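**Q** Here it is: the structure, laid out below.
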Amino acid sequence: MASGEYKYFPEITLACRVANYTEFAKNIGIDSAVDRDDAQFVPGLKVLSERLPYEGYRARHANLIKNANDELVRVDGNHRLEIFDENNEALSGMKQKADKHELEKLIVPFTVIFSEKEFGDKFEAGIFHNINFKQLPLRQEASLRIIHDIGAFDNKESLGKEYPLALDLIEVVKTGQFNAIPWLSVVDDISKSYYRTTCLSIARLLISQKETLYLQRKECVLDLKENEKDISSIQNEIDTLEETVKAKFDEIQELELNQTGFEEMVTYKKLKLEISQIQEQLKLKQNNHISLEYKIAHLEYKATNLRRYLKSCENTSIISEALTLLVGVYRSFSQEAHGNIAFLCALVYYAILDKMQMQSFIDWAERNGINKIIEPDDLSKDSAVNLIMMFEQIYQAKKMKSLYLCNSEILRVN
């Protein structure tokens with residue numbers, strides 16, 4: 001705001017209510033234009049006429065002078081103006097208040113409509129309805145085409161932290177090398193084009209997941225250190241137990257060599273019992289050791305994947321490699337089961353993070369018909385994150401069950 005670079009408030013519509021509206025409208029209707037003599041019906045209105053260097057053309061400039069805020073009525077754009085209301089209770093909890101000195105510097109583009117004073121509410125309500133509910137909204141795809149093709153923003157991050165990556169990705173995708181992926185297909189008809197929006201959605205997801213995965217990796221590294229400490233401790237216990245068992249066997253061997261009738265000796269029987277008990281302890285410790293080895297291997301694998309993701313998720317070459325991999329995946333889908341944009345974003349995410357997990361995600365999506373949802377979801381910002389969260393809950397639960405079964409199998413074998 002302070003820099004003034006993108007200080008612009010579009011679509012603010014105000015109404016000036018006219019007491020003698022009928023005569024005013026009639027006078028305008030004579031030549032379908034506002035002339036100087038029309039100013040007599042609107043207090044504060046002054047119309048100037050200028051000649052243009054083209055025969056038969058005139059330009060009109062009008063000044064409308066109003067000395068109080070209540071002389072104009074807000075029709076549309078309230079949500080853009082209410083931030084500056086001093087008495088807005090909804091804004092009372094905000095830390096940053098509107099700066100009056102900044103407001104005084106604003107040059108705000110707006111439209112003024114004239115309405116009849118007596119029936120202005122009804123007319124203005126109709127105008128508001130047409131503005132907000134009958135216009136066709138500008139799709140994000142069209143907006144991104146303007147931003148990318150014109151290159152209007154030198155500081156791309158001012159648009160949002162995901163935009164620099166998205167715009168670089170658009171540059172790669174527009175070559176058409178990923179046309180086999182429906183949402184990245186490059187077409188001229190903007191009404192059928194989604195690849196720019198998809199690039200932005202991919203960039204938004206990949207960057208937004210960094211914070212989550214950074215915390216996961218931090219926790220993973222701590223768990224890894226703790227488990228390595230535990231396995232080292234268990235290994236020391238195993239070494240001690242094995243040495244104790246060996247010493248007990250040495251004692252038994254000495255009795256067997258030097259004592260007749262050693263089998264009936266109390267000392268011999270006690271040594272045999274102690275060895276049996278120590279061997280049971282040893283099995284438990286060895287099982288715990290094997291279980292920790294599996295856990296450590298998993299944590300190392302996870303930490304490696306997370307480190308790689310955090311390092312490369314904003315690298316267009318790495319993203320391109322993921323998309324190249326996914327071209328083959330999409331060719332395996334039927335035309336009616338290629339999923340929506342959120343599904344593609346999640347696939348790119350897993351292709352960079354963990355290809356084994358990506359395959360599990362694909363299997364899960366196909367089993368549950370997720371990839372059969374193919375309607376455009378180009379307006380949604382959170383659907384890819386929600387899809388990942390849904391899958392992760394199931395995936396982690398199955399992984400824990402698999403680890404439990406693996407531990408049970410170890411115990412059964414021993």
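Naming scheme: A, B, ... for chains in displayed order of the structure tokens; residues 1 onward per chain; ligands 1 onward as shown.
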Neighbours of Val245 (chain A) within 9 Å (only C-alpha atoms; same-chain residues fewer than 3 positions away dropped), as a list in words?

**A**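 Contacts, in chain order: Thr240, Leu241, Glu242, Lys248, Phe249, Asp250, Glu274, Ile275, Ser276, Ile278 and Gln279 of chain A.
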
**Q** Please, could you write that set of residues out with C-alpha atoms as a PDB file, in the first residue's frame?

**A**
```pdb
ATOM      1  CA  THR A 240      26.423 -58.584  28.032  1.00  0.00           C
ATOM      2  CA  LEU A 241      23.830 -61.394  27.971  1.00  0.00           C
ATOM      3  CA  GLU A 242      25.771 -63.322  25.317  1.00  0.00           C
ATOM      4  CA  LYS A 248      27.689 -70.215  32.138  1.00  0.00           C
ATOM      5  CA  PHE A 249      28.339 -72.744  29.362  1.00  0.00           C
ATOM      6  CA  ASP A 250      32.021 -72.711  30.240  1.00  0.00           C
ATOM      7  CA  GLU A 274      20.027 -69.682  34.513  1.00  0.00           C
ATOM      8  CA  ILE A 275      21.157 -70.267  30.919  1.00  0.00           C
ATOM      9  CA  SER A 276      17.554 -70.950  29.839  1.00  0.00           C
ATOM     10  CA  ILE A 278      19.126 -65.642  30.042  1.00  0.00           C
ATOM     11  CA  GLN A 279      18.456 -67.076  26.575  1.00  0.00           C
TER      12      GLN A 279
END
```

**Q** Step one, run DSSP on the backbone; step two, keep only residues of region 209-404 of chain A assigned to alpha helix (DSSP H); then write them as a PyMOL selection string.

**A** chain A and resi 209-258+266-312+316-332+341-353+355-367+383-404

**Q** Using only C-alpha atoms, find the one residue out of A:Ile352, A:Arg308, A:Lys156, A:Phe333 that sits nearest to Glu321 (chain A).

**A**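 Nearest candidate to Glu321 (chain A) out of A:Ile352, A:Arg308, A:Lys156, A:Phe333: A:Ile352.
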
**Q** Name all residues at most 12 Å from Pro164 (chain A) (count only C-alpha atoms; drop same-chain ones fewer than 3 positions away) and give them as an NGL selection string.

**A** :A and (144 or 147-148 or 151 or 153-161 or 167-171 or 199-200 or 203-204 or 207 or 314-316)

**Q** Using C-alpha atoms, can you export the residues from the last selection as a PDB file, in the first residue's frame?

**A**
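Listing of result-v8.pdb after writing:
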```pdb
ATOM      1  CA  LEU A 144      -2.684 -15.749 -15.412  1.00  0.00           C
ATOM      2  CA  ILE A 147       0.243 -11.837 -16.016  1.00  0.00           C
ATOM      3  CA  HIS A 148       2.458 -14.369 -17.813  1.00  0.00           C
ATOM      4  CA  GLY A 151       5.162  -9.992 -17.933  1.00  0.00           C
ATOM      5  CA  PHE A 153       5.199  -7.727 -12.737  1.00  0.00           C
ATOM      6  CA  ASP A 154       8.925  -7.355 -12.182  1.00  0.00           C
ATOM      7  CA  ASN A 155       8.513  -8.354  -8.554  1.00  0.00           C
ATOM      8  CA  LYS A 156       6.580 -11.587  -9.014  1.00  0.00           C
ATOM      9  CA  GLU A 157       6.597 -12.381  -5.301  1.00  0.00           C
ATOM     10  CA  SER A 158       4.374  -9.342  -4.729  1.00  0.00           C
ATOM     11  CA  LEU A 159       1.582 -11.465  -6.256  1.00  0.00           C
ATOM     12  CA  GLY A 160       2.205 -14.265  -3.761  1.00  0.00           C
ATOM     13  CA  LYS A 161       5.112 -16.531  -2.869  1.00  0.00           C
ATOM     14  CA  LEU A 167       5.163 -18.531 -13.899  1.00  0.00           C
ATOM     15  CA  ASP A 168       8.443 -20.427 -14.494  1.00  0.00           C
ATOM     16  CA  LEU A 169       6.457 -23.670 -14.652  1.00  0.00           C
ATOM     17  CA  ILE A 170       3.979 -22.153 -17.128  1.00  0.00           C
ATOM     18  CA  GLU A 171       6.948 -21.314 -19.368  1.00  0.00           C
ATOM     19  CA  CYS A 199       0.724 -24.719 -12.721  1.00  0.00           C
ATOM     20  CA  LEU A 200      -0.276 -22.200 -10.057  1.00  0.00           C
ATOM     21  CA  ALA A 203       3.254 -24.424  -7.114  1.00  0.00           C
ATOM     22  CA  ARG A 204       0.875 -23.439  -4.319  1.00  0.00           C
ATOM     23  CA  ILE A 207       5.327 -24.603  -1.387  1.00  0.00           C
ATOM     24  CA  GLU A 314      10.770 -25.412  -6.080  1.00  0.00           C
ATOM     25  CA  ASN A 315      13.105 -26.634  -8.814  1.00  0.00           C
ATOM     26  CA  THR A 316      11.334 -26.575 -12.191  1.00  0.00           C
TER      27      THR A 316
END
```

**Q** Can you tell me, as a PDB file with N, CA and C atoms, in the first residue's frame, what residues are no more than 9 Å from region 363-373 of chain A when counting only C-alpha atoms, ignoring any on the same chain fewer than 4 positions away?

**A**
```
ATOM      1  N   PHE A 333      -4.648 -44.212 -17.502  1.00  0.00           N
ATOM      2  CA  PHE A 333      -6.017 -43.906 -17.090  1.00  0.00           C
ATOM      3  C   PHE A 333      -6.940 -43.864 -18.299  1.00  0.00           C
ATOM      4  N   GLU A 336     -12.296 -41.078 -18.949  1.00  0.00           N
ATOM      5  CA  GLU A 336     -13.293 -40.667 -17.955  1.00  0.00           C
ATOM      6  C   GLU A 336     -12.777 -40.835 -16.528  1.00  0.00           C
ATOM      7  N   ALA A 337     -11.482 -41.114 -16.361  1.00  0.00           N
ATOM      8  CA  ALA A 337     -10.969 -41.372 -15.006  1.00  0.00           C
ATOM      9  C   ALA A 337      -9.563 -40.798 -14.827  1.00  0.00           C
ATOM     10  N   HIS A 338      -9.415 -39.524 -15.216  1.00  0.00           N
ATOM     11  CA  HIS A 338      -8.094 -38.898 -15.077  1.00  0.00           C
ATOM     12  C   HIS A 338      -8.023 -37.926 -13.899  1.00  0.00           C
ATOM     13  N   GLY A 339      -9.122 -37.857 -13.125  1.00  0.00           N
ATOM     14  CA  GLY A 339      -9.112 -37.017 -11.937  1.00  0.00           C
ATOM     15  C   GLY A 339      -9.193 -35.536 -12.236  1.00  0.00           C
ATOM     16  N   ASN A 340      -9.251 -34.730 -11.174  1.00  0.00           N
ATOM     17  CA  ASN A 340      -9.321 -33.280 -11.351  1.00  0.00           C
ATOM     18  C   ASN A 340      -7.942 -32.647 -11.115  1.00  0.00           C
ATOM     19  N   PHE A 343      -6.210 -33.705  -7.874  1.00  0.00           N
ATOM     20  CA  PHE A 343      -5.643 -35.053  -7.991  1.00  0.00           C
ATOM     21  C   PHE A 343      -4.268 -34.996  -8.655  1.00  0.00           C
ATOM     22  N   MET A 358       3.527 -42.605  -3.910  1.00  0.00           N
ATOM     23  CA  MET A 358       2.726 -42.170  -5.055  1.00  0.00           C
ATOM     24  C   MET A 358       1.912 -43.332  -5.615  1.00  0.00           C
ATOM     25  N   GLN A 359       2.542 -44.496  -5.750  1.00  0.00           N
ATOM     26  CA  GLN A 359       1.828 -45.661  -6.272  1.00  0.00           C
ATOM     27  C   GLN A 359       0.712 -46.087  -5.326  1.00  0.00           C
ATOM     28  N   PHE A 391      -5.762 -39.209   2.399  1.00  0.00           N
ATOM     29  CA  PHE A 391      -4.964 -40.392   2.065  1.00  0.00           C
ATOM     30  C   PHE A 391      -3.958 -40.705   3.169  1.00  0.00           C
TER      31      PHE A 391
END
```

**Q** Tell me, as a PDB file with C-alpha atoms, in the first residue's frame, which residues lie within 10 Å of Pro43 (chain A), counting only C-alpha atoms; anything in the same chain fewer than 3 positions away does not count.

**A**
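In the end it all went to around_39.pdb:
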```
ATOM      1  CA  CYS A  16     -25.981  10.445  -6.541  1.00  0.00           C
ATOM      2  CA  VAL A  18     -31.463  13.470  -7.881  1.00  0.00           C
ATOM      3  CA  ALA A  19     -34.682  15.120  -6.699  1.00  0.00           C
ATOM      4  CA  ALA A  39     -26.301  20.316 -14.687  1.00  0.00           C
ATOM      5  CA  GLN A  40     -29.313  22.398 -13.553  1.00  0.00           C
ATOM      6  CA  LYS A  46     -20.707  20.977 -13.831  1.00  0.00           C
ATOM      7  CA  LEU A  64     -19.386  16.614  -9.308  1.00  0.00           C
ATOM      8  CA  ILE A  65     -18.738  18.516  -6.108  1.00  0.00           C
ATOM      9  CA  LYS A  66     -20.066  17.045  -2.884  1.00  0.00           C
TER      10      LYS A  66
END
```

**Q** Give me the residues near Thr13 (chain A) as an mmCIF file with N, CA and C atoms, in the first residue's frame, where near means some atom within 8 Å (using only C-alpha atoms) and where sequence neighbours in that chain fewer than 6 positions away do not count.

**A**
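The result, stored in result-v6.cif:
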```cif
data_model
loop_
_atom_site.group_PDB
_atom_site.id
_atom_site.type_symbol
_atom_site.label_atom_id
_atom_site.label_comp_id
_atom_site.auth_asym_id
_atom_site.auth_seq_id
_atom_site.Cartn_x
_atom_site.Cartn_y
_atom_site.Cartn_z
ATOM 1 N N ARG A 74 -23.316 4.415 -1.247
ATOM 2 C CA ARG A 74 -22.565 3.255 -1.752
ATOM 3 C C ARG A 74 -23.524 2.249 -2.392
ATOM 4 N N VAL A 75 -23.194 1.838 -3.607
ATOM 5 C CA VAL A 75 -24.004 0.822 -4.300
ATOM 6 C C VAL A 75 -23.247 -0.505 -4.342
ATOM 7 N N ASP A 76 -22.007 -0.464 -4.775
ATOM 8 C CA ASP A 76 -21.185 -1.673 -4.856
ATOM 9 C C ASP A 76 -19.758 -1.326 -4.450
ATOM 10 N N GLY A 77 -19.085 -2.294 -3.811
ATOM 11 C CA GLY A 77 -17.715 -2.064 -3.365
ATOM 12 C C GLY A 77 -17.600 -1.820 -1.875
ATOM 13 N N PHE A 110 -13.693 5.202 -9.561
ATOM 14 C CA PHE A 110 -15.052 4.842 -9.170
ATOM 15 C C PHE A 110 -16.029 5.241 -10.275
ATOM 16 N N THR A 111 -17.245 4.775 -10.125
ATOM 17 C CA THR A 111 -18.335 5.133 -11.033
ATOM 18 C C THR A 111 -19.441 5.772 -10.212
ATOM 19 N N VAL A 112 -20.038 6.856 -10.752
ATOM 20 C CA VAL A 112 -21.197 7.480 -10.107
ATOM 21 C C VAL A 112 -22.403 7.298 -11.019
ATOM 22 N N ILE A 113 -23.457 6.718 -10.458
ATOM 23 C CA ILE A 113 -24.714 6.622 -11.200
ATOM 24 C C ILE A 113 -25.699 7.618 -10.583
#
```
